[in-house]
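Enquirer: Sharing coords.tsv (TSV, C-alpha atoms) below.
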chain	number	residue	atom	x	y	z
A	1	MET	CA	75.85	-25.10	-140.55
A	2	ARG	CA	79.12	-23.45	-139.55
A	3	ARG	CA	80.49	-24.10	-136.08
A	4	ALA	CA	83.11	-22.33	-134.05
A	5	ARG	CA	86.32	-24.26	-133.50
A	6	GLY	CA	85.94	-26.91	-130.79
A	7	ALA	CA	82.14	-26.94	-130.74
A	8	THR	CA	80.47	-30.31	-131.20
A	9	SER	CA	77.02	-31.25	-132.37
A	10	ALA	CA	76.25	-32.52	-128.86
A	11	GLU	CA	77.37	-29.20	-127.40
A	12	LEU	CA	75.16	-27.20	-129.76
A	13	THR	CA	72.23	-29.52	-129.04
A	14	ALA	CA	72.77	-29.05	-125.29
A	15	LEU	CA	72.99	-25.27	-125.74
A	16	GLN	CA	69.69	-25.30	-127.64
A	17	ALA	CA	68.08	-27.40	-124.87
A	18	ALA	CA	69.33	-24.92	-122.27
A	19	LEU	CA	67.94	-22.07	-124.34
A	20	ALA	CA	64.55	-23.80	-124.61
A	21	ALA	CA	64.55	-24.33	-120.84
A	22	GLU	CA	65.37	-20.67	-120.26
A	23	HIS	CA	62.50	-19.62	-122.56
A	24	ALA	CA	60.16	-21.83	-120.52
A	25	ALA	CA	61.55	-20.50	-117.22
A	26	VAL	CA	60.99	-16.89	-118.30
A	27	TYR	CA	57.40	-17.77	-119.18
A	28	GLY	CA	56.94	-19.70	-115.93
A	29	TYR	CA	58.27	-16.88	-113.80
A	30	GLY	CA	55.70	-14.62	-115.43
A	31	VAL	CA	53.08	-16.92	-113.93
A	32	VAL	CA	54.92	-17.10	-110.61
A	33	GLY	CA	55.12	-13.31	-110.41
A	34	GLY	CA	51.38	-13.01	-110.87
A	35	ARG	CA	50.57	-15.31	-107.93
A	36	ILE	CA	53.44	-14.97	-105.46
A	37	ARG	CA	52.97	-13.21	-102.12
A	38	GLU	CA	54.38	-9.71	-101.80
A	39	GLU	CA	57.20	-10.77	-99.46
A	40	ARG	CA	58.64	-13.14	-102.11
A	41	ARG	CA	58.00	-10.96	-105.14
A	42	THR	CA	61.54	-9.52	-105.14
A	43	GLU	CA	62.98	-13.04	-105.13
A	44	ALA	CA	60.74	-14.00	-108.05
A	45	ARG	CA	61.72	-10.86	-109.98
A	46	SER	CA	65.41	-11.57	-109.39
A	47	ALA	CA	65.01	-15.13	-110.72
A	48	TYR	CA	63.05	-13.85	-113.71
A	49	ASP	CA	65.81	-11.35	-114.52
A	50	ALA	CA	68.51	-14.03	-114.12
A	51	HIS	CA	66.72	-16.35	-116.54
A	52	ARG	CA	66.22	-13.56	-119.07
A	53	ALA	CA	69.94	-12.74	-118.92
A	54	ARG	CA	70.90	-16.41	-119.34
A	55	ARG	CA	68.44	-16.75	-122.21
A	56	ASP	CA	69.92	-13.75	-124.00
A	57	ALA	CA	73.48	-15.04	-123.49
A	58	LEU	CA	72.50	-18.46	-124.86
A	59	VAL	CA	70.96	-16.87	-127.96
A	60	ARG	CA	74.32	-15.19	-128.63
A	61	GLU	CA	76.26	-18.42	-128.00
A	62	VAL	CA	74.09	-20.47	-130.35
A	63	ARG	CA	74.49	-17.83	-133.06
A	64	ASP	CA	78.24	-17.67	-132.47
A	65	LEU	CA	78.35	-21.43	-133.13
A	66	GLY	CA	76.46	-20.98	-136.39
A	67	GLY	CA	73.14	-22.27	-135.14
A	68	GLU	CA	69.69	-20.75	-135.37
A	69	PRO	CA	68.51	-20.20	-131.76
A	70	VAL	CA	65.37	-22.10	-130.85
A	71	ALA	CA	62.48	-19.66	-130.53
A	72	ALA	CA	60.25	-19.29	-127.50
A	73	ASN	CA	56.77	-20.70	-127.75
A	74	ALA	CA	53.80	-18.37	-127.41
A	75	GLY	CA	52.71	-20.33	-124.34
A	76	TYR	CA	53.68	-23.35	-122.28
A	77	ALA	CA	51.67	-26.01	-120.48
A	78	LEU	CA	52.09	-25.71	-116.72
A	79	PRO	CA	52.62	-28.93	-114.73
A	80	PHE	CA	49.75	-28.05	-112.37
A	81	PRO	CA	47.31	-25.20	-111.77
A	82	VAL	CA	48.91	-22.14	-110.17
A	83	ALA	CA	46.01	-20.58	-108.30
A	84	ASP	CA	47.79	-19.20	-105.24
A	85	SER	CA	51.15	-18.28	-103.75
A	86	ALA	CA	51.90	-21.78	-102.47
A	87	ALA	CA	51.48	-23.19	-105.98
A	88	ALA	CA	53.61	-20.35	-107.38
A	89	VAL	CA	56.42	-21.27	-104.98
A	90	ARG	CA	56.12	-24.91	-106.02
A	91	LEU	CA	56.23	-23.90	-109.70
A	92	ALA	CA	59.34	-21.79	-109.12
A	93	ALA	CA	61.13	-24.77	-107.54
A	94	GLU	CA	60.06	-26.99	-110.46
A	95	LEU	CA	61.31	-24.44	-112.98
A	96	GLU	CA	64.70	-24.33	-111.29
A	97	ASP	CA	64.91	-28.13	-111.16
A	98	ARG	CA	64.24	-28.33	-114.90
A	99	VAL	CA	66.80	-25.66	-115.68
A	100	ALA	CA	69.37	-27.42	-113.48
A	101	GLY	CA	68.77	-30.63	-115.41
A	102	VAL	CA	69.49	-29.12	-118.81
A	103	TYR	CA	72.57	-27.33	-117.51
A	104	SER	CA	73.76	-30.66	-116.15
A	105	ASP	CA	73.49	-32.00	-119.70
A	106	LEU	CA	75.40	-28.97	-121.00
A	107	VAL	CA	78.16	-29.54	-118.44
A	108	ARG	CA	78.55	-33.07	-119.82
A	109	ALA	CA	78.54	-31.92	-123.47
A	110	ALA	CA	80.65	-28.76	-123.25
A	111	GLY	CA	84.31	-28.11	-122.77
A	112	ASP	CA	86.45	-25.54	-121.03
A	113	GLU	CA	84.86	-22.11	-120.48
A	114	ARG	CA	81.37	-23.15	-121.62
A	115	ARG	CA	81.49	-26.04	-119.11
A	116	ARG	CA	82.40	-23.61	-116.31
A	117	GLU	CA	79.54	-21.30	-117.32
A	118	ALA	CA	77.09	-24.23	-117.43
A	119	ALA	CA	78.27	-25.45	-114.01
A	120	GLY	CA	77.72	-21.94	-112.64
A	121	ALA	CA	74.20	-21.83	-114.12
A	122	LEU	CA	73.45	-25.28	-112.66
A	123	ARG	CA	74.66	-24.10	-109.24
A	124	GLU	CA	72.55	-20.92	-109.41
A	125	ALA	CA	69.44	-22.90	-110.36
A	126	ALA	CA	70.06	-25.41	-107.57
A	127	VAL	CA	70.44	-22.61	-105.01
A	128	ARG	CA	67.24	-20.93	-106.20
A	129	ALA	CA	65.40	-24.27	-106.12
A	130	ALA	CA	66.60	-24.89	-102.56
A	131	ARG	CA	65.41	-21.43	-101.50
A	132	TRP	CA	62.00	-21.93	-103.07
A	133	ARG	CA	61.66	-25.46	-101.71
A	134	GLY	CA	63.12	-24.73	-98.29
A	135	GLY	CA	65.67	-27.54	-98.71
A	136	SER	CA	68.02	-29.05	-101.25
A	137	VAL	CA	68.32	-32.32	-103.12
A	138	ALA	CA	71.39	-34.53	-103.02
A	139	PHE	CA	72.27	-34.26	-106.70
A	140	PRO	CA	70.76	-31.12	-108.25
A	141	GLY	CA	70.46	-31.38	-112.00
A	142	LEU	CA	70.78	-35.14	-112.08
A	143	ALA	CA	67.27	-36.49	-112.59
A	144	GLU	CA	68.35	-40.11	-112.25
A	145	ARG	CA	69.63	-39.35	-108.74
A	146	ALA	CA	66.79	-37.07	-107.64
A	147	GLY	CA	64.04	-39.44	-108.81
A	148	THR	CA	62.52	-36.99	-111.31
A	149	ASP	CA	62.78	-36.51	-115.01
A	150	ALA	CA	64.40	-33.11	-115.55
A	151	ALA	CA	63.22	-33.07	-119.14
A	152	THR	CA	59.57	-33.16	-118.10
A	153	SER	CA	59.47	-31.36	-114.77
A	154	GLY	CA	58.55	-27.71	-114.58
A	155	VAL	CA	57.03	-25.91	-117.50
A	156	SER	CA	56.60	-28.18	-120.47
A	157	ALA	CA	58.26	-27.41	-123.77
A	158	THR	CA	54.88	-28.10	-125.33
A	159	PRO	CA	53.21	-24.91	-126.52
A	160	THR	CA	49.62	-24.26	-125.61
A	161	ALA	CA	47.12	-23.82	-128.39
Using structure tokens, write down the structure from this file.
Expert:
Amino acid sequence: MRRARGATSAELTALQAALAAEHAAVYGYGVVGGRIREERRTEARSAYDAHRARRDALVREVRDLGGEPVAANAGYALPFPVADSAAAVRLAAELEDRVAGVYSDLVRAAGDERRREAAGALREAAVRAARWRGGSVAFPGLAERAGTDAATSGVSATPTA
């Protein structure tokens, strides 16, 4: 596998994890959009669009580093049933928490410009999570501080059958 100058295996692994999280977030926001109340639909659409844009940028970055971008699954297991708007809001906050966690890992693994981009993505996810939740957490993106496992919160990376 060829890699661009300065890229490490850990950095490429973290980029792939971020890409997988973005795939799951795009899927999850499809569910959110189907259940969210009208007055929050624009917010959900904006988040959906932001995650699609990040996903597409990550695909390009992984390819630029000589990797094969991880593909989206056909479906993802949701962490709980999403039968109404309240559950959709809760899912949106969980999605953002998960995305913040993987971007936190990318911040640790990356250098220079990619680190700045990852920090910006972490910040955006934390802000969206706070808006959905109605409050923030002390250390967004750091599961060990927040008391959750960022790798398992939100939409699972496990495809549905």
Enquirer: May I have the protein, DNA and RNA residues with an atom at most 10 Å from (59.5, -15.0, -111.7), counting only C-alpha atoms in the file's coordinates, returned as a compact mmCIF listing (two decimals) with C-alpha atoms, keeping the file's coordinate frame?
Expert:
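Below is the file out13.txt, written as the result:
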# COMPACT_ATOMS: atom_id res chain seq x y z
CA ALA A 25 61.55 -20.50 -117.22
CA VAL A 26 60.99 -16.89 -118.30
CA TYR A 27 57.40 -17.77 -119.18
CA GLY A 28 56.94 -19.70 -115.93
CA TYR A 29 58.27 -16.88 -113.80
CA GLY A 30 55.70 -14.62 -115.43
CA VAL A 31 53.08 -16.92 -113.93
CA VAL A 32 54.92 -17.10 -110.61
CA GLY A 33 55.12 -13.31 -110.41
CA GLY A 34 51.38 -13.01 -110.87
CA ARG A 35 50.57 -15.31 -107.93
CA ILE A 36 53.44 -14.97 -105.46
CA ARG A 40 58.64 -13.14 -102.11
CA ARG A 41 58.00 -10.96 -105.14
CA THR A 42 61.54 -9.52 -105.14
CA GLU A 43 62.98 -13.04 -105.13
CA ALA A 44 60.74 -14.00 -108.05
CA ARG A 45 61.72 -10.86 -109.98
CA SER A 46 65.41 -11.57 -109.39
CA ALA A 47 65.01 -15.13 -110.72
CA TYR A 48 63.05 -13.85 -113.71
CA ASP A 49 65.81 -11.35 -114.52
CA ALA A 50 68.51 -14.03 -114.12
CA HIS A 51 66.72 -16.35 -116.54
CA ALA A 88 53.61 -20.35 -107.38
CA VAL A 89 56.42 -21.27 -104.98
CA LEU A 91 56.23 -23.90 -109.70
CA ALA A 92 59.34 -21.79 -109.12
CA LEU A 95 61.31 -24.44 -112.98
Enquirer: Of the candidates A:Leu122, A:Leu106, A:Glu113, A:Arg128, which shows the shortest atom-to-atom distance to Ala10 (chain A), using all atoms listed in the file?
Expert: A:Leu106
Enquirer: Hey, which of A:Val102, A:Ala126, A:Val70, A:Ala121 ends up closest to Ala18 (chain A)? Count all atoms listed in the file.
Expert: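 Nearest to Ala18 (chain A): A:Val102.
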Enquirer: Would you please work out which residue, of A:Ala130, A:Leu12, A:His23, A:Ala119, is nearest to Ala74 (chain A) when using all atoms listed in the file?
Expert: A:His23
Enquirer: Figure out the distance between CA of Arg98 (chain A) and CA of Arg114 (chain A), please, to one decimal in Å.
Expert: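 Those two atoms sit 19.1 Å apart.
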Enquirer: Provide the CA of Arg116 (chain A) to CA of Ser104 (chain A) distance in Å, to one decimal place.
Expert: 11.2 Å
Enquirer: For Ala71 (chain A), work out the shell of residues within 12 Å, counting only C-alpha atoms and skipping chain neighbours fewer than 4 positions away, then give it as number ranges by chain.
Expert: A: 16-24, 55-56, 58-59, 62, 67, 75, 157, 159
Enquirer: Report, in Å with one decimal, the straight-line distance from CA of Ala129 (chain A) to CA of Asp97 (chain A).
Expert: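 If I compute the distance from CA of Ala129 (chain A) to CA of Asp97 (chain A), I get 6.4 Å.
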Enquirer: Using all atoms listed in the file, which of the listed residues (A:Val99, A:Ala109, A:Leu15, A:Val82) sits closest to Leu65 (chain A)?
Expert: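 Counting all atoms listed in the file, the residue closest to Leu65 (chain A) is A:Leu15.
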Enquirer: Tell me which of A:Ser85, A:Ala110, A:Glu96, A:Gly135 sits closest to Glu39 (chain A), counting all atoms listed in the file.
Expert: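 Of A:Ser85, A:Ala110, A:Glu96, A:Gly135, the one nearest Glu39 (chain A), counting all atoms listed in the file, is A:Ser85.
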Enquirer: Would you mind telling me which residue in A:Glu11, A:Ala72, A:Ala93, A:Phe80 lies nearest to Arg115 (chain A) when using all atoms listed in the file?
Expert: A:Glu11
Enquirer: Missing atoms in region 83-104 of chain A: fill them in up to N, CA, C and O atoms and send the result as a PDB file, in the frame of the given file.
Expert:
ATOM      1  N   ALA A  83      47.125 -21.433-108.728  1.00  0.00           N
ATOM      2  CA  ALA A  83      46.010 -20.580-108.300  1.00  0.00           C
ATOM      3  C   ALA A  83      46.350 -19.688-107.115  1.00  0.00           C
ATOM      4  O   ALA A  83      45.614 -18.754-106.829  1.00  0.00           O
ATOM      5  N   ASP A  84      47.465 -19.978-106.436  1.00  0.00           N
ATOM      6  CA  ASP A  84      47.790 -19.200-105.240  1.00  0.00           C
ATOM      7  C   ASP A  84      49.307 -19.138-105.056  1.00  0.00           C
ATOM      8  O   ASP A  84      50.071 -19.698-105.838  1.00  0.00           O
ATOM      9  N   SER A  85      49.729 -18.470-104.003  1.00  0.00           N
ATOM     10  CA  SER A  85      51.150 -18.280-103.750  1.00  0.00           C
ATOM     11  C   SER A  85      51.879 -19.584-103.473  1.00  0.00           C
ATOM     12  O   SER A  85      53.009 -19.771-103.921  1.00  0.00           O
ATOM     13  N   ALA A  86      51.252 -20.495-102.767  1.00  0.00           N
ATOM     14  CA  ALA A  86      51.900 -21.780-102.470  1.00  0.00           C
ATOM     15  C   ALA A  86      52.207 -22.538-103.769  1.00  0.00           C
ATOM     16  O   ALA A  86      53.291 -23.112-103.932  1.00  0.00           O
ATOM     17  N   ALA A  87      51.256 -22.530-104.697  1.00  0.00           N
ATOM     18  CA  ALA A  87      51.480 -23.190-105.980  1.00  0.00           C
ATOM     19  C   ALA A  87      52.545 -22.453-106.790  1.00  0.00           C
ATOM     20  O   ALA A  87      53.343 -23.084-107.493  1.00  0.00           O
ATOM     21  N   ALA A  88      52.590 -21.132-106.675  1.00  0.00           N
ATOM     22  CA  ALA A  88      53.610 -20.350-107.380  1.00  0.00           C
ATOM     23  C   ALA A  88      55.001 -20.699-106.868  1.00  0.00           C
ATOM     24  O   ALA A  88      55.946 -20.838-107.652  1.00  0.00           O
ATOM     25  N   VAL A  89      55.132 -20.877-105.566  1.00  0.00           N
ATOM     26  CA  VAL A  89      56.420 -21.270-104.980  1.00  0.00           C
ATOM     27  C   VAL A  89      56.812 -22.653-105.483  1.00  0.00           C
ATOM     28  O   VAL A  89      57.969 -22.894-105.863  1.00  0.00           O
ATOM     29  N   ARG A  90      55.857 -23.557-105.517  1.00  0.00           N
ATOM     30  CA  ARG A  90      56.120 -24.910-106.020  1.00  0.00           C
ATOM     31  C   ARG A  90      56.535 -24.870-107.491  1.00  0.00           C
ATOM     32  O   ARG A  90      57.461 -25.572-107.903  1.00  0.00           O
ATOM     33  N   LEU A  91      55.863 -24.041-108.289  1.00  0.00           N
ATOM     34  CA  LEU A  91      56.230 -23.900-109.700  1.00  0.00           C
ATOM     35  C   LEU A  91      57.646 -23.356-109.838  1.00  0.00           C
ATOM     36  O   LEU A  91      58.432 -23.845-110.658  1.00  0.00           O
ATOM     37  N   ALA A  92      57.994 -22.360-109.052  1.00  0.00           N
ATOM     38  CA  ALA A  92      59.340 -21.790-109.120  1.00  0.00           C
ATOM     39  C   ALA A  92      60.398 -22.860-108.841  1.00  0.00           C
ATOM     40  O   ALA A  92      61.415 -22.946-109.554  1.00  0.00           O
ATOM     41  N   ALA A  93      60.178 -23.691-107.839  1.00  0.00           N
ATOM     42  CA  ALA A  93      61.130 -24.770-107.540  1.00  0.00           C
ATOM     43  C   ALA A  93      61.212 -25.761-108.704  1.00  0.00           C
ATOM     44  O   ALA A  93      62.301 -26.212-109.078  1.00  0.00           O
ATOM     45  N   GLU A  94      60.080 -26.080-109.309  1.00  0.00           N
ATOM     46  CA  GLU A  94      60.060 -26.990-110.460  1.00  0.00           C
ATOM     47  C   GLU A  94      60.813 -26.390-111.647  1.00  0.00           C
ATOM     48  O   GLU A  94      61.548 -27.091-112.341  1.00  0.00           O
ATOM     49  N   LEU A  95      60.605 -25.109-111.892  1.00  0.00           N
ATOM     50  CA  LEU A  95      61.310 -24.440-112.980  1.00  0.00           C
ATOM     51  C   LEU A  95      62.818 -24.550-112.787  1.00  0.00           C
ATOM     52  O   LEU A  95      63.567 -24.862-113.720  1.00  0.00           O
ATOM     53  N   GLU A  96      63.262 -24.290-111.576  1.00  0.00           N
ATOM     54  CA  GLU A  96      64.700 -24.330-111.290  1.00  0.00           C
ATOM     55  C   GLU A  96      65.246 -25.754-111.418  1.00  0.00           C
ATOM     56  O   GLU A  96      66.365 -25.950-111.908  1.00  0.00           O
ATOM     57  N   ASP A  97      64.470 -26.741-111.002  1.00  0.00           N
ATOM     58  CA  ASP A  97      64.910 -28.130-111.160  1.00  0.00           C
ATOM     59  C   ASP A  97      65.097 -28.471-112.633  1.00  0.00           C
ATOM     60  O   ASP A  97      66.068 -29.118-113.024  1.00  0.00           O
ATOM     61  N   ARG A  98      64.156 -28.049-113.464  1.00  0.00           N
ATOM     62  CA  ARG A  98      64.240 -28.330-114.900  1.00  0.00           C
ATOM     63  C   ARG A  98      65.453 -27.649-115.509  1.00  0.00           C
ATOM     64  O   ARG A  98      66.196 -28.251-116.281  1.00  0.00           O
ATOM     65  N   VAL A  99      65.657 -26.399-115.161  1.00  0.00           N
ATOM     66  CA  VAL A  99      66.800 -25.660-115.680  1.00  0.00           C
ATOM     67  C   VAL A  99      68.107 -26.325-115.223  1.00  0.00           C
ATOM     68  O   VAL A  99      69.039 -26.487-116.017  1.00  0.00           O
ATOM     69  N   ALA A 100      68.166 -26.730-113.975  1.00  0.00           N
ATOM     70  CA  ALA A 100      69.370 -27.420-113.480  1.00  0.00           C
ATOM     71  C   ALA A 100      69.640 -28.682-114.282  1.00  0.00           C
ATOM     72  O   ALA A 100      70.797 -28.986-114.609  1.00  0.00           O
ATOM     73  N   GLY A 101      68.605 -29.403-114.632  1.00  0.00           N
ATOM     74  CA  GLY A 101      68.770 -30.630-115.410  1.00  0.00           C
ATOM     75  C   GLY A 101      69.387 -30.390-116.780  1.00  0.00           C
ATOM     76  O   GLY A 101      70.288 -31.119-117.203  1.00  0.00           O
ATOM     77  N   VAL A 102      68.922 -29.367-117.484  1.00  0.00           N
ATOM     78  CA  VAL A 102      69.490 -29.120-118.810  1.00  0.00           C
ATOM     79  C   VAL A 102      70.902 -28.557-118.720  1.00  0.00           C
ATOM     80  O   VAL A 102      71.730 -28.843-119.586  1.00  0.00           O
ATOM     81  N   TYR A 103      71.188 -27.802-117.671  1.00  0.00           N
ATOM     82  CA  TYR A 103      72.570 -27.330-117.510  1.00  0.00           C
ATOM     83  C   TYR A 103      73.489 -28.483-117.124  1.00  0.00           C
ATOM     84  O   TYR A 103      74.664 -28.493-117.496  1.00  0.00           O
ATOM     85  N   SER A 104      72.975 -29.467-116.429  1.00  0.00           N
ATOM     86  CA  SER A 104      73.760 -30.660-116.150  1.00  0.00           C
ATOM     87  C   SER A 104      74.152 -31.346-117.454  1.00  0.00           C
ATOM     88  O   SER A 104      75.297 -31.782-117.635  1.00  0.00           O
TER      89      SER A 104
END
